[in-house]
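Chemist: Contents are CSV, C-alpha atoms and all ligand atoms; file name my_file.csv:
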```csv
chain,number,residue,atom,x,y,z
Y,18,MET,CA,33.6,-4.2,13.8
Y,19,GLY,CA,32.3,-6.0,16.9
Y,20,TYR,CA,28.8,-4.6,16.3
Y,21,ILE,CA,28.6,-5.6,12.7
Y,22,LEU,CA,29.8,-9.1,13.4
Y,23,GLN,CA,27.3,-9.4,16.2
Y,24,ALA,CA,24.5,-8.2,14.0
Y,25,LEU,CA,25.5,-10.6,11.2
Y,26,LEU,CA,25.7,-13.5,13.7
Y,27,LEU,CA,22.3,-12.6,15.1
Y,28,ALA,CA,20.8,-12.4,11.6
Y,29,ALA,CA,22.3,-15.7,10.7
Y,30,SER,CA,21.0,-17.5,13.8
Y,31,ALA,CA,17.6,-16.0,13.3
Y,32,THR,CA,17.2,-17.3,9.8
Y,33,ARG,CA,16.1,-20.7,11.1
Y,34,VAL,CA,13.2,-19.2,12.9
Y,35,LEU,CA,11.7,-17.9,9.7
Y,36,GLY,CA,9.3,-20.1,7.9
Y,37,SER,CA,5.9,-20.3,6.4
Y,38,CYS,CA,4.5,-19.8,9.9
Y,39,SER,CA,5.5,-16.1,9.7
Y,40,TYR,CA,2.0,-15.2,8.7
Y,41,GLY,CA,-0.5,-13.9,11.0
Y,42,THR,CA,1.5,-11.7,13.3
Y,43,PHE,CA,2.1,-8.7,11.2
Y,44,LEU,CA,-1.0,-6.6,11.0
Y,45,GLN,CA,-0.7,-4.1,13.9
Y,46,PRO,CA,-3.0,-5.3,16.6
Y,47,ARG,CA,-5.6,-2.7,17.7
Y,48,ALA,CA,-5.3,-1.4,21.2
Y,49,GLU,CA,-8.2,-2.4,23.4
Y,50,ASP,CA,-8.8,1.1,24.6
Y,51,GLY,CA,-8.9,2.5,21.1
Y,52,ALA,CA,-5.5,4.3,21.5
Y,53,VAL,CA,-3.5,4.7,18.4
Y,54,PRO,CA,-0.3,2.6,18.7
Y,55,ILE,CA,2.9,4.6,17.8
Y,56,SER,CA,5.4,2.6,15.7
Y,57,THR,CA,8.7,1.7,17.4
Y,58,PHE,CA,10.6,1.7,14.1
Y,59,GLY,CA,11.5,4.7,11.9
Y,60,TYR,CA,13.1,5.6,8.6
Y,61,PHE,CA,16.5,7.1,9.5
Y,62,GLY,CA,19.3,6.7,12.0
Y,63,ALA,CA,19.4,3.6,14.3
Y,64,LYS,CA,15.6,3.1,14.0
Y,65,GLY,CA,15.8,3.1,10.2
Y,66,PRO,CA,15.5,0.3,7.7
Y,67,LEU,CA,19.2,-0.8,7.8
Y,68,ASN,CA,18.7,-1.6,11.5
Y,69,TRP,CA,15.2,-2.9,11.6
Y,70,ALA,CA,16.3,-6.5,12.3
Y,71,ALA,CA,18.0,-5.4,15.5
Y,72,LEU,CA,15.0,-3.6,16.9
Y,73,GLU,CA,13.3,-6.9,17.7
Y,74,VAL,CA,15.2,-10.1,17.6
Y,75,PRO,CA,14.3,-12.5,16.1
Y,76,ALA,CA,10.9,-11.2,15.1
Y,77,ASN,CA,12.2,-8.7,12.6
Y,78,SER,CA,15.0,-11.0,11.1
Y,79,ALA,CA,13.3,-11.2,7.7
Y,80,CYS,CA,14.2,-7.5,7.3
Y,81,ALA,CA,17.9,-8.4,7.1
Y,82,THR,CA,17.8,-12.0,5.8
Y,83,GLY,CA,14.7,-12.3,3.5
Y,84,THR,CA,15.5,-12.7,-0.2
Y,85,ARG,CA,12.1,-11.6,-1.4
Y,86,GLN,CA,11.7,-8.2,0.3
Y,87,SER,CA,9.7,-5.2,-0.7
Y,88,PRO,CA,9.7,-2.6,-2.1
Y,89,ILE,CA,11.6,-3.2,-5.4
Y,90,ASN,CA,12.2,-1.4,-8.6
Y,91,MET,CA,9.4,-2.4,-10.9
Y,92,VAL,CA,11.2,-3.2,-14.1
Y,93,ALA,CA,10.3,-5.8,-16.8
Y,94,GLY,CA,11.2,-9.3,-15.6
Y,95,VAL,CA,10.5,-8.9,-11.8
Y,96,PHE,CA,6.7,-8.9,-12.1
Y,97,ASN,CA,3.8,-10.6,-13.9
Y,98,LEU,CA,1.5,-8.2,-15.7
Y,99,VAL,CA,-2.0,-9.0,-14.5
Y,100,ALA,CA,-5.0,-7.8,-16.4
Y,101,ALA,CA,-7.5,-5.8,-14.3
Y,102,THR,CA,-10.2,-8.3,-15.4
Y,103,ASP,CA,-8.3,-11.1,-13.6
Y,104,LEU,CA,-8.9,-9.4,-10.2
Y,105,VAL,CA,-12.2,-9.0,-8.4
Y,106,ILE,CA,-12.1,-5.8,-6.3
Y,107,GLU,CA,-15.1,-4.9,-4.1
Y,108,VAL,CA,-14.7,-2.0,-1.7
Y,109,PRO,CA,-16.8,-0.7,1.0
Y,110,ASN,CA,-17.9,3.0,1.0
Y,111,PHE,CA,-17.9,4.9,4.3
Y,112,PRO,CA,-20.9,7.3,4.3
Y,113,GLU,CA,-20.3,8.1,7.9
Y,114,GLY,CA,-16.6,8.5,7.5
Y,115,THR,CA,-14.0,6.3,9.1
Y,116,GLU,CA,-11.0,6.4,11.5
Y,117,PHE,CA,-7.9,8.1,10.3
Y,118,GLU,CA,-4.8,7.6,12.4
Y,119,ASN,CA,-1.2,8.9,12.7
Y,120,LEU,CA,1.0,5.9,13.7
Y,121,GLY,CA,4.2,7.9,13.6
Y,122,SER,CA,5.4,5.7,10.8
Y,123,THR,CA,2.5,6.5,8.4
Y,124,VAL,CA,-1.1,7.9,8.3
Y,125,GLU,CA,-3.6,5.2,8.0
Y,126,VAL,CA,-7.3,4.9,7.2
Y,127,ILE,CA,-9.2,2.0,8.9
Y,128,ALA,CA,-11.3,0.5,6.1
Y,129,LYS,CA,-12.6,-2.9,6.8
Y,130,GLY,CA,-14.7,-5.0,4.4
Y,131,GLY,CA,-15.0,-5.6,0.7
Y,132,LYS,CA,-13.3,-8.4,-1.2
Y,133,LEU,CA,-10.2,-8.9,-3.3
Y,134,ALA,CA,-10.0,-12.1,-5.2
Y,135,PHE,CA,-7.5,-13.4,-7.7
Y,136,ALA,CA,-5.7,-16.7,-8.5
Y,137,GLY,CA,-8.2,-18.6,-6.4
Y,138,LYS,CA,-7.5,-16.6,-3.3
Y,139,GLU,CA,-9.8,-14.2,-1.4
Y,140,PHE,CA,-8.9,-11.4,0.9
Y,141,GLU,CA,-10.7,-8.7,2.9
Y,142,LEU,CA,-9.7,-5.0,3.1
Y,143,GLU,CA,-8.3,-4.0,6.5
Y,144,GLN,CA,-6.8,-0.5,6.0
Y,145,PHE,CA,-4.9,1.7,3.6
Y,146,HIS,CA,-2.0,4.0,4.4
Y,147,PHE,CA,0.5,6.2,2.7
Y,148,HIS,CA,4.2,6.4,1.9
Y,149,LEU,CA,6.2,9.4,0.9
Y,150,PRO,CA,8.0,9.3,-1.5
Y,151,SER,CA,6.8,6.0,-3.2
Y,152,GLU,CA,8.4,2.8,-2.0
Y,153,HIS,CA,8.2,0.9,-5.3
Y,154,LEU,CA,10.0,2.6,-8.2
Y,155,ASP,CA,8.1,2.8,-11.4
Y,156,ASN,CA,10.7,1.5,-13.9
Y,157,GLY,CA,13.4,3.3,-11.9
Y,158,THR,CA,11.5,6.4,-11.1
Y,159,SER,CA,10.2,7.3,-7.6
Y,160,GLN,CA,6.7,8.8,-7.5
Y,161,ALA,CA,5.4,11.5,-5.1
Y,162,MET,CA,3.6,9.1,-2.8
Y,163,GLU,CA,2.3,5.5,-2.8
Y,164,MET,CA,-0.9,4.2,-1.2
Y,165,HIS,CA,-1.0,0.7,0.2
Y,166,MET,CA,-4.4,-1.1,0.4
Y,167,VAL,CA,-3.8,-4.0,2.8
Y,168,TRP,CA,-6.0,-7.0,2.6
Y,169,GLN,CA,-6.0,-10.2,4.7
Y,170,SER,CA,-7.4,-13.7,4.0
Y,171,ALA,CA,-9.2,-16.0,6.5
Y,172,THR,CA,-5.8,-17.8,6.9
Y,173,LYS,CA,-4.0,-14.5,7.6
Y,174,GLU,CA,-2.3,-14.4,4.2
Y,175,ILE,CA,-1.7,-10.8,3.1
Y,176,ALA,CA,-2.3,-9.0,-0.2
Y,177,VAL,CA,-1.4,-5.4,-0.9
Y,178,ILE,CA,-2.5,-3.2,-3.7
Y,179,GLY,CA,0.2,-0.5,-4.3
Y,180,VAL,CA,-1.0,2.7,-6.0
Y,181,TYR,CA,1.4,5.5,-7.1
Y,182,ILE,CA,0.3,9.0,-6.4
Y,183,GLU,CA,1.6,11.8,-8.6
Y,184,ILE,CA,1.2,15.5,-8.2
Y,185,ALA,CA,-1.7,16.8,-10.2
Y,186,LYS,CA,-0.7,19.0,-13.2
Y,187,GLU,CA,-1.0,22.8,-12.8
Y,188,GLY,CA,-4.4,23.9,-13.9
Y,189,ALA,CA,-6.1,20.5,-13.4
Y,190,ALA,CA,-9.7,21.0,-12.3
Y,191,ALA,CA,-10.0,20.8,-8.5
Y,192,ALA,CA,-12.0,17.9,-7.3
Y,193,PRO,CA,-15.6,18.9,-6.6
Y,194,ALA,CA,-15.6,18.2,-2.8
Y,195,ALA,CA,-19.4,18.2,-2.7
Y,196,VAL,CA,-19.5,15.0,-4.8
Y,197,ALA,CA,-18.4,12.9,-1.9
Y,198,ALA,CA,-21.3,13.5,0.5
Y,199,PRO,CA,-24.4,12.8,-1.6
Y,200,ALA,CA,-22.8,9.9,-3.4
Y,201,ALA,CA,-21.9,8.3,-0.1
Y,202,ALA,CA,-25.3,8.8,1.4
Y,203,ALA,CA,-26.7,6.0,-0.7
Y,204,PRO,CA,-24.7,2.8,-1.1
Y,205,ALA,CA,-23.2,2.6,-4.5
Y,206,ARG,CA,-24.0,-0.3,-6.7
Y,207,GLU,CA,-22.3,-1.2,-9.9
Y,208,VAL,CA,-24.2,-4.3,-10.6
Y,209,VAL,CA,-26.7,-4.0,-13.5
Y,210,ALA,CA,-29.7,-6.0,-12.4
Y,211,GLY,CA,-30.4,-8.9,-14.8
Y,212,ALA,CA,-27.1,-8.5,-16.6
Y,213,PRO,CA,-24.9,-11.5,-17.0
Y,214,GLY,CA,-22.7,-11.8,-13.9
Y,215,ALA,CA,-25.1,-9.7,-11.8
Y,216,GLU,CA,-25.1,-10.9,-8.2
Y,217,VAL,CA,-26.5,-9.9,-4.9
Y,218,VAL,CA,-24.1,-7.7,-2.9
Y,219,PRO,CA,-24.4,-6.4,0.7
Y,220,PRO,CA,-25.3,-2.7,0.8
Y,221,GLY,CA,-22.3,-0.4,0.7
Y,222,VAL,CA,-20.2,-2.8,-1.2
Y,223,VAL,CA,-19.3,-1.8,-4.7
Y,224,VAL,CA,-18.7,-4.5,-7.2
Y,225,ALA,CA,-16.2,-3.1,-9.7
Y,226,VAL,CA,-15.4,-6.0,-11.9
Y,227,GLY,CA,-17.7,-8.0,-14.1
Y,228,GLU,CA,-17.9,-9.7,-17.4
Y,229,GLY,CA,-21.4,-8.6,-18.5
Y,230,PRO,CA,-21.5,-6.7,-21.8
Y,231,ALA,CA,-23.9,-4.1,-20.3
Y,232,ARG,CA,-21.4,-3.4,-17.5
Y,233,ARG,CA,-18.5,-3.2,-19.9
Y,234,ARG,CA,-20.4,-0.6,-21.9
Y,235,ARG,CA,-21.1,1.4,-18.8
Y,236,PHE,CA,-17.4,1.4,-18.0
Y,237,GLN,CA,-16.4,2.5,-21.4
Y,238,GLN,CA,-19.0,5.2,-21.4
Y,239,ARG,CA,-17.8,6.4,-18.0
Y,240,ARG,CA,-14.2,6.4,-19.1
Y,241,GLN,CA,-15.0,8.4,-22.3
Y,242,ALA,CA,-17.1,10.9,-20.3
Y,243,ALA,CA,-14.3,11.4,-17.7
Y,244,PRO,CA,-12.5,14.6,-18.1
Y,245,ALA,CA,-8.7,14.7,-18.1
Y,246,ARG,CA,-7.7,13.3,-14.7
Y,247,GLY,CA,-7.5,15.8,-12.0
Y,248,PRO,CA,-6.8,15.3,-8.3
Y,249,THR,CA,-8.3,12.2,-6.8
Y,250,THR,CA,-11.4,13.1,-4.7
Y,251,LEU,CA,-10.8,10.3,-2.2
Y,252,LEU,CA,-7.3,11.7,-1.4
Y,253,GLU,CA,-8.4,15.3,-1.2
Y,254,THR,CA,-11.2,14.3,1.1
Y,255,ILE,CA,-9.0,12.2,3.4
Y,256,PHE,CA,-6.2,14.8,3.5
Y,257,SER,CA,-8.7,17.6,4.1
Y,258,VAL,CA,-8.5,16.5,7.8
Y,259,ALA,CA,-4.8,15.6,7.9
Y,260,ASP,CA,-4.0,18.6,10.0
Y,261,GLN,CA,-6.1,17.1,12.8
Y,262,ILE,CA,-3.6,14.2,13.2
Y,263,LYS,CA,-0.3,16.1,13.0
Y,264,VAL,CA,0.8,14.5,16.3
Y,265,PRO,CA,1.8,10.8,16.2
Y,266,GLY,CA,-0.7,8.7,18.3
Y,267,THR,CA,-3.7,10.9,17.4
Y,268,LYS,CA,-6.7,10.0,15.3
Y,269,THR,CA,-9.7,11.7,13.8
Y,270,LYS,CA,-12.7,10.8,11.6
Y,271,THR,CA,-12.7,11.4,7.8
Y,272,PRO,CA,-15.6,13.0,6.0
Y,273,PRO,CA,-17.8,10.5,4.0
Y,274,LEU,CA,-15.5,8.4,1.7
Y,275,VAL,CA,-16.4,7.0,-1.7
Y,276,LEU,CA,-13.8,4.4,-2.8
Y,277,THR,CA,-15.6,3.6,-6.1
Y,278,GLU,CA,-13.6,6.3,-7.9
Y,279,VAL,CA,-10.3,4.7,-7.0
Y,280,VAL,CA,-11.5,1.2,-8.1
Y,281,ASP,CA,-12.5,2.7,-11.4
Y,282,ILE,CA,-9.0,4.2,-11.8
Y,283,LEU,CA,-7.3,1.0,-10.9
Y,284,LYS,CA,-9.5,-0.9,-13.4
Y,285,SER,CA,-8.4,1.5,-16.2
Y,286,GLY,CA,-4.9,0.0,-16.0
Y,287,ALA,CA,-3.3,-3.3,-15.1
Y,288,PHE,CA,-1.4,-4.7,-12.1
Y,289,GLN,CA,2.2,-5.7,-11.7
Y,290,GLY,CA,2.1,-8.8,-9.5
Y,291,TYR,CA,4.9,-10.3,-7.5
Y,292,SER,CA,5.5,-12.2,-4.3
Y,293,GLY,CA,7.3,-9.9,-1.8
Y,294,SER,CA,7.1,-8.7,1.8
Y,295,LEU,CA,5.7,-6.2,4.2
Y,296,THR,CA,7.7,-3.0,3.7
Y,297,THR,CA,7.7,-2.4,7.5
Y,298,PRO,CA,8.9,-4.6,10.4
Y,299,PRO,CA,8.7,-7.6,10.7
Y,300,CYS,CA,9.1,-7.6,6.9
Y,301,SER,CA,7.3,-10.9,6.7
Y,302,GLU,CA,7.4,-12.5,3.2
Y,303,GLY,CA,4.7,-14.3,1.2
Y,304,VAL,CA,2.9,-11.0,0.6
Y,305,ASN,CA,0.9,-10.9,-2.6
Y,306,TRP,CA,1.8,-7.6,-4.2
Y,307,ASN,CA,-0.2,-6.0,-7.0
Y,308,VAL,CA,1.2,-2.6,-8.0
Y,309,ALA,CA,-1.3,-0.7,-10.2
Y,310,THR,CA,-0.1,0.8,-13.4
Y,311,ALA,CA,-2.8,3.5,-13.2
Y,312,LYS,CA,-2.0,6.4,-10.8
Y,313,LEU,CA,-3.9,8.6,-8.5
Y,314,SER,CA,-3.1,12.4,-8.2
Y,315,ILE,CA,-3.0,15.0,-5.5
Y,316,LEU,CA,-3.0,18.8,-5.6
Y,317,PRO,CA,0.5,20.4,-5.0
Y,318,ALA,CA,-0.8,22.2,-1.9
Y,319,THR,CA,-2.2,19.0,-0.5
Y,320,PHE,CA,1.0,17.2,-1.1
Y,321,GLU,CA,2.9,19.9,0.8
Y,322,ARG,CA,0.6,19.6,3.8
Y,323,VAL,CA,0.9,15.8,3.9
Y,324,ARG,CA,4.6,15.9,3.4
Y,325,ASN,CA,4.9,18.2,6.5
Y,326,ILE,CA,3.0,15.5,8.5
Y,327,ILE,CA,4.6,12.3,7.2
Y,328,GLY,CA,8.0,13.7,6.6
Y,329,PHE,CA,9.7,10.6,5.0
Y,330,ASN,CA,8.6,7.0,5.3
Y,331,SER,CA,10.0,5.0,2.4
Y,332,ARG,CA,12.1,1.8,2.9
Y,333,ILE,CA,15.1,1.7,0.6
Y,334,PRO,CA,14.5,-0.3,-2.5
Y,335,GLN,CA,15.3,-4.0,-1.9
Y,336,ASN,CA,17.4,-6.4,-4.0
Y,337,THR,CA,15.9,-8.2,-7.0
Y,338,PRO,CA,13.7,-11.0,-5.7
Y,339,GLY,CA,15.8,-14.1,-5.2
Y,340,LEU,CA,19.1,-12.3,-4.6
Y,341,PRO,CA,20.7,-11.8,-1.2
Y,342,ASN,CA,19.1,-9.3,1.2
Y,343,ILE,CA,20.5,-5.8,0.6
Y,344,VAL,CA,21.3,-5.4,4.3
Y,345,GLN,CA,23.5,-8.5,4.2
Y,346,VAL,CA,25.2,-7.3,1.0
Y,347,GLY,CA,25.9,-4.0,2.7
Y,348,GLY,CA,27.1,-5.6,5.9
Y,349,ALA,CA,29.5,-7.9,4.0
Y,350,ALA,CA,30.9,-4.8,2.2
Y,351,ALA,CA,31.3,-2.9,5.5
Y,352,MET,CA,33.2,-5.9,7.0
Y,353,ALA,CA,35.5,-6.2,4.0
Y,354,ALA,CA,36.2,-2.5,4.1
Y,355,LEU,CA,37.1,-2.7,7.8
Y,356,VAL,CA,39.3,-5.6,7.3
Y,357,ALA,CA,41.0,-3.9,4.3
Y,358,THR,CA,41.8,-0.8,6.3
Y,359,LYS,CA,43.2,-2.7,9.4
Y,401,LIG,C1,12.0,1.5,-18.7
Y,401,LIG,O1,13.1,2.3,-18.7
Y,401,LIG,C2,14.0,2.0,-19.8
Y,401,LIG,C3,15.2,3.0,-19.7
Y,401,LIG,O2,15.7,3.1,-18.4
Y,401,LIG,C4,13.3,2.1,-21.1
Y,401,LIG,O3,14.2,1.6,-22.1
Y,401,LIG,C5,12.1,1.2,-21.1
Y,401,LIG,O4,11.4,1.4,-22.3
Y,401,LIG,C6,11.2,1.6,-19.9
Y,401,LIG,N1,10.1,0.7,-19.9
Y,401,LIG,C7,8.8,1.1,-19.8
Y,401,LIG,C8,7.8,0.0,-19.8
Y,401,LIG,O5,8.5,2.2,-19.8
```
Could you render the structure from this file as structure tokens?
Modeler:
Amino acid sequence: MGYILQALLLAASATRVLGSCSYGTFLQPRAEDGAVPISTFGYFGAKGPLNWAALEVPANSACATGTRQSPINMVAGVFNLVAATDLVIEVPNFPEGTEFENLGSTVEVIAKGGKLAFAGKEFELEQFHFHLPSEHLDNGTSQAMEMHMVWQSATKEIAVIGVYIEIAKEGAAAAPAAVAAPAAAAPAREVVAGAPGAEVVPPGVVVAVGEGPARRRRFQQRRQAAPARGPTTLLETIFSVADQIKVPGTKTKTPPLVLTEVVDILKSGAFQGYSGSLTTPPCSEGVNWNVATAKLSILPATFERVRNIIGFNSRIPQNTPGLPNIVQVGGAAAMAALVATK
């Protein structure tokens, strides 16, 4: 009982420290020497989500006191449905490949550049990483995995695009691996010269949203031409080298990466927007979440390989936004049970 009380008191006293100033500290700093930092938190036992607040006091207090924590069950009423056309998503391609790291808590692709814009805010892509199983629940149902694309604004505000990954159906055509290299060799451009809304973009940046009728037609044609969705080439390409970073703290380089494919998939659906938190310590709030309704897919064998590396890295679903933190709810229940059995 002493421990629980202590934890609750610590959590309560830490609440004051939280505020709008909690931005800016939470993207893992890059080590000077290029070493991959291994996360100090985990997903079970005393390092797990129920105890994250105690791992670093008061820095992690939002994990136990925040009332707008992520992930959540994405059911009608907790999110705003945002049309894909309301977001500008520009992503860099990586014709030379990019760094792929095992942080112990996840595997992460360093992917800097591009632009995400919505509701008058603008962000730049920093990295994307993977959770297994999914952290958000799609109307009550967990998915095989979830990809988080993490973006940061000039004022250190964070936006995350969450994308569910499902296991590709049996018999789905394997992704043609050869597509990645040649396509990546030349910077992809989606802007139709002279079309309304055409703009100058830096090489290697793909503009995936536009209002021009010519571009809309191109998108429609591409979608009609697309075969039944098989495994996502980007995922198969990245995970083709996953075995090289089995050990936490190691890194490797991906083959050439083309992100255009994923943006096209995202744009074929909509986004479920809500204000939440980082799903890892320090669980800072004010994170602009956009969970995509369109899903990526992965081959069963690839999923098995990645599962054997990641293991399990999904924070338990949090309370409905605005309701008390689920750790406090559980702590109070534990106290009441202890008192009742005295
Ligand atoms: C969500 O699930 C409920 C049943 O649990 C169902 O009635 C509802 O139609 C589902 N909503 C969507 C959007 O699929």
Chemist: Once you count only C-alpha atoms and all ligand atoms, which residues end up within 10 Å of ligand LIG 401 (chain Y), and could you hand them over as a list in words?
Modeler: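 So, counting only C-alpha atoms and all ligand atoms, the residues near ligand LIG 401 (chain Y) are Met91, Val92, Ala93, Asp155, Asn156, Gly157 and Thr158 of chain Y.
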Chemist: Return the single residue from Y:Leu104, Y:Ile333, Y:Val275, Y:Ile182 that is closest to Cys80 in chain Y, with distances computed using all atoms listed in the file.
Modeler: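 When distances to Cys80 in chain Y are compared using all atoms listed in the file, the smallest one comes from Y:Ile333.
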Chemist: What is the distance, in Å and to one decimal place, between CA of Met162 in chain Y and CA of Gly348 in chain Y?
Modeler: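 Computed distance, CA of Met162 in chain Y to CA of Gly348 in chain Y, equals 29.1 Å.
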Chemist: From the list Y:Leu154, Y:Val53, Y:Ala349, Y:Ala71, which residue is nearest Pro334 in chain Y when using all atoms listed in the file?
Modeler: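 Among the listed residues, Y:Leu154 lies closest to Pro334 in chain Y.
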Chemist: Rounded to one decimal, what separation in Å do you get between CA of Lys129 in chain Y and CA of Lys270 in chain Y?
Modeler: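 CA of Lys270 in chain Y lies 14.5 Å from CA of Lys129 in chain Y.
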Chemist: Of the candidates Y:Gln261, Y:Asn307, Y:Thr297, Y:Asn330, which one gets nearest to Glu116 in chain Y if we count only C-alpha atoms?
Modeler: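 Of the candidates, the smallest distance to Glu116 in chain Y is held by Y:Gln261.
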Chemist: Quick one: distance from CA of Glu321 in chain Y to CA of Leu149 in chain Y in Å, one decimal?
Modeler: 11.0 Å
Chemist: Could you name the residues that touch Val167 in chain Y at 10 Å or less, counting only C-alpha atoms, but leaving out those on the same chain fewer than 3 positions away, as a ChimeraX atom specification?
Modeler: /Y:44,128-129,140-146,164,175-179,295,304-306
Chemist: Go through Y:Phe288, Y:Phe111, Y:Phe320, Y:Phe147 and flag the residue nearest Leu274 in chain Y, using only C-alpha atoms for the distances.
Modeler: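 Ranking Y:Phe288, Y:Phe111, Y:Phe320, Y:Phe147 by distance to Leu274 in chain Y, first place goes to Y:Phe111.
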Chemist: Could you give me, as a PDB file with C-alpha atoms, keeping the file's coordinate frame, the residues within 9 Å of Lys312 in chain Y, counting all atoms listed in the file and dropping anything in the same chain fewer than 4 positions from it?
Modeler:
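Below is the file selection.pdb, written as the result:
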```pdb
ATOM      1  CA  VAL Y 180      -1.000   2.700  -6.000  1.00  0.00           C
ATOM      2  CA  TYR Y 181       1.400   5.500  -7.100  1.00  0.00           C
ATOM      3  CA  ILE Y 182       0.300   9.000  -6.400  1.00  0.00           C
ATOM      4  CA  GLU Y 183       1.600  11.800  -8.600  1.00  0.00           C
ATOM      5  CA  ILE Y 282      -9.000   4.200 -11.800  1.00  0.00           C
ATOM      6  CA  LEU Y 283      -7.300   1.000 -10.900  1.00  0.00           C
ATOM      7  CA  GLY Y 286      -4.900   0.000 -16.000  1.00  0.00           C
TER       8      GLY Y 286
END
```
Chemist: Hey, which of Y:Met352, Y:Val308, Y:Val279, Y:Ile262 ends up closest to Ile89 in chain Y? Count all atoms listed in the file.
Modeler: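 Of Y:Met352, Y:Val308, Y:Val279, Y:Ile262, the one nearest Ile89 in chain Y is Y:Val308, counting all atoms listed in the file.
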Chemist: Identify which of the residues Y:Pro75, Y:Gly114, Y:Gly59, Y:Gly65 lies closest to Pro299 in chain Y, counting only C-alpha atoms when measuring atom-to-atom distances.
Modeler: Y:Pro75
Chemist: Could you give me, as number ranges by chain, the residues within 9 Å of Ala287 in chain Y, counting all atoms listed in the file and dropping anything in the same chain fewer than 2 positions from it?
Modeler: Y: 98-102, 283-285, 289, 308-311
Chemist: Take the residues from that selection and write them out as a compact mmCIF listing (two decimals), in the coordinates of the input, keeping C-alpha atoms.
Modeler:
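The result, written out as result_15.txt:
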```
# COMPACT_ATOMS: atom_id res chain seq x y z
CA LEU Y 98 1.50 -8.20 -15.70
CA VAL Y 99 -2.00 -9.00 -14.50
CA ALA Y 100 -5.00 -7.80 -16.40
CA ALA Y 101 -7.50 -5.80 -14.30
CA THR Y 102 -10.20 -8.30 -15.40
CA LEU Y 283 -7.30 1.00 -10.90
CA LYS Y 284 -9.50 -0.90 -13.40
CA SER Y 285 -8.40 1.50 -16.20
CA GLN Y 289 2.20 -5.70 -11.70
CA VAL Y 308 1.20 -2.60 -8.00
CA ALA Y 309 -1.30 -0.70 -10.20
CA THR Y 310 -0.10 0.80 -13.40
CA ALA Y 311 -2.80 3.50 -13.20
```
Chemist: Give me, as a PDB file with C-alpha atoms, keeping the file's coordinate frame, all polymer residues having an atom no more than 12 Å from Ile315 in chain Y, counting all atoms listed in the file and skipping those fewer than 3 positions away in the same chain.
Modeler:
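And here's out32.pdb as it stands now:
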```pdb
ATOM      1  CA  GLN Y 160       6.700   8.800  -7.500  1.00  0.00           C
ATOM      2  CA  ALA Y 161       5.400  11.500  -5.100  1.00  0.00           C
ATOM      3  CA  MET Y 162       3.600   9.100  -2.800  1.00  0.00           C
ATOM      4  CA  GLU Y 163       2.300   5.500  -2.800  1.00  0.00           C
ATOM      5  CA  MET Y 164      -0.900   4.200  -1.200  1.00  0.00           C
ATOM      6  CA  TYR Y 181       1.400   5.500  -7.100  1.00  0.00           C
ATOM      7  CA  ILE Y 182       0.300   9.000  -6.400  1.00  0.00           C
ATOM      8  CA  GLU Y 183       1.600  11.800  -8.600  1.00  0.00           C
ATOM      9  CA  ILE Y 184       1.200  15.500  -8.200  1.00  0.00           C
ATOM     10  CA  ALA Y 185      -1.700  16.800 -10.200  1.00  0.00           C
ATOM     11  CA  LYS Y 186      -0.700  19.000 -13.200  1.00  0.00           C
ATOM     12  CA  GLU Y 187      -1.000  22.800 -12.800  1.00  0.00           C
ATOM     13  CA  ALA Y 189      -6.100  20.500 -13.400  1.00  0.00           C
ATOM     14  CA  ALA Y 190      -9.700  21.000 -12.300  1.00  0.00           C
ATOM     15  CA  ALA Y 191     -10.000  20.800  -8.500  1.00  0.00           C
ATOM     16  CA  ALA Y 192     -12.000  17.900  -7.300  1.00  0.00           C
ATOM     17  CA  ARG Y 246      -7.700  13.300 -14.700  1.00  0.00           C
ATOM     18  CA  GLY Y 247      -7.500  15.800 -12.000  1.00  0.00           C
ATOM     19  CA  PRO Y 248      -6.800  15.300  -8.300  1.00  0.00           C
ATOM     20  CA  THR Y 249      -8.300  12.200  -6.800  1.00  0.00           C
ATOM     21  CA  THR Y 250     -11.400  13.100  -4.700  1.00  0.00           C
ATOM     22  CA  LEU Y 251     -10.800  10.300  -2.200  1.00  0.00           C
ATOM     23  CA  LEU Y 252      -7.300  11.700  -1.400  1.00  0.00           C
ATOM     24  CA  GLU Y 253      -8.400  15.300  -1.200  1.00  0.00           C
ATOM     25  CA  THR Y 254     -11.200  14.300   1.100  1.00  0.00           C
ATOM     26  CA  ILE Y 255      -9.000  12.200   3.400  1.00  0.00           C
ATOM     27  CA  PHE Y 256      -6.200  14.800   3.500  1.00  0.00           C
ATOM     28  CA  SER Y 257      -8.700  17.600   4.100  1.00  0.00           C
ATOM     29  CA  LYS Y 312      -2.000   6.400 -10.800  1.00  0.00           C
ATOM     30  CA  ALA Y 318      -0.800  22.200  -1.900  1.00  0.00           C
ATOM     31  CA  THR Y 319      -2.200  19.000  -0.500  1.00  0.00           C
ATOM     32  CA  PHE Y 320       1.000  17.200  -1.100  1.00  0.00           C
ATOM     33  CA  GLU Y 321       2.900  19.900   0.800  1.00  0.00           C
ATOM     34  CA  ARG Y 322       0.600  19.600   3.800  1.00  0.00           C
ATOM     35  CA  VAL Y 323       0.900  15.800   3.900  1.00  0.00           C
ATOM     36  CA  ARG Y 324       4.600  15.900   3.400  1.00  0.00           C
TER      37      ARG Y 324
END
```
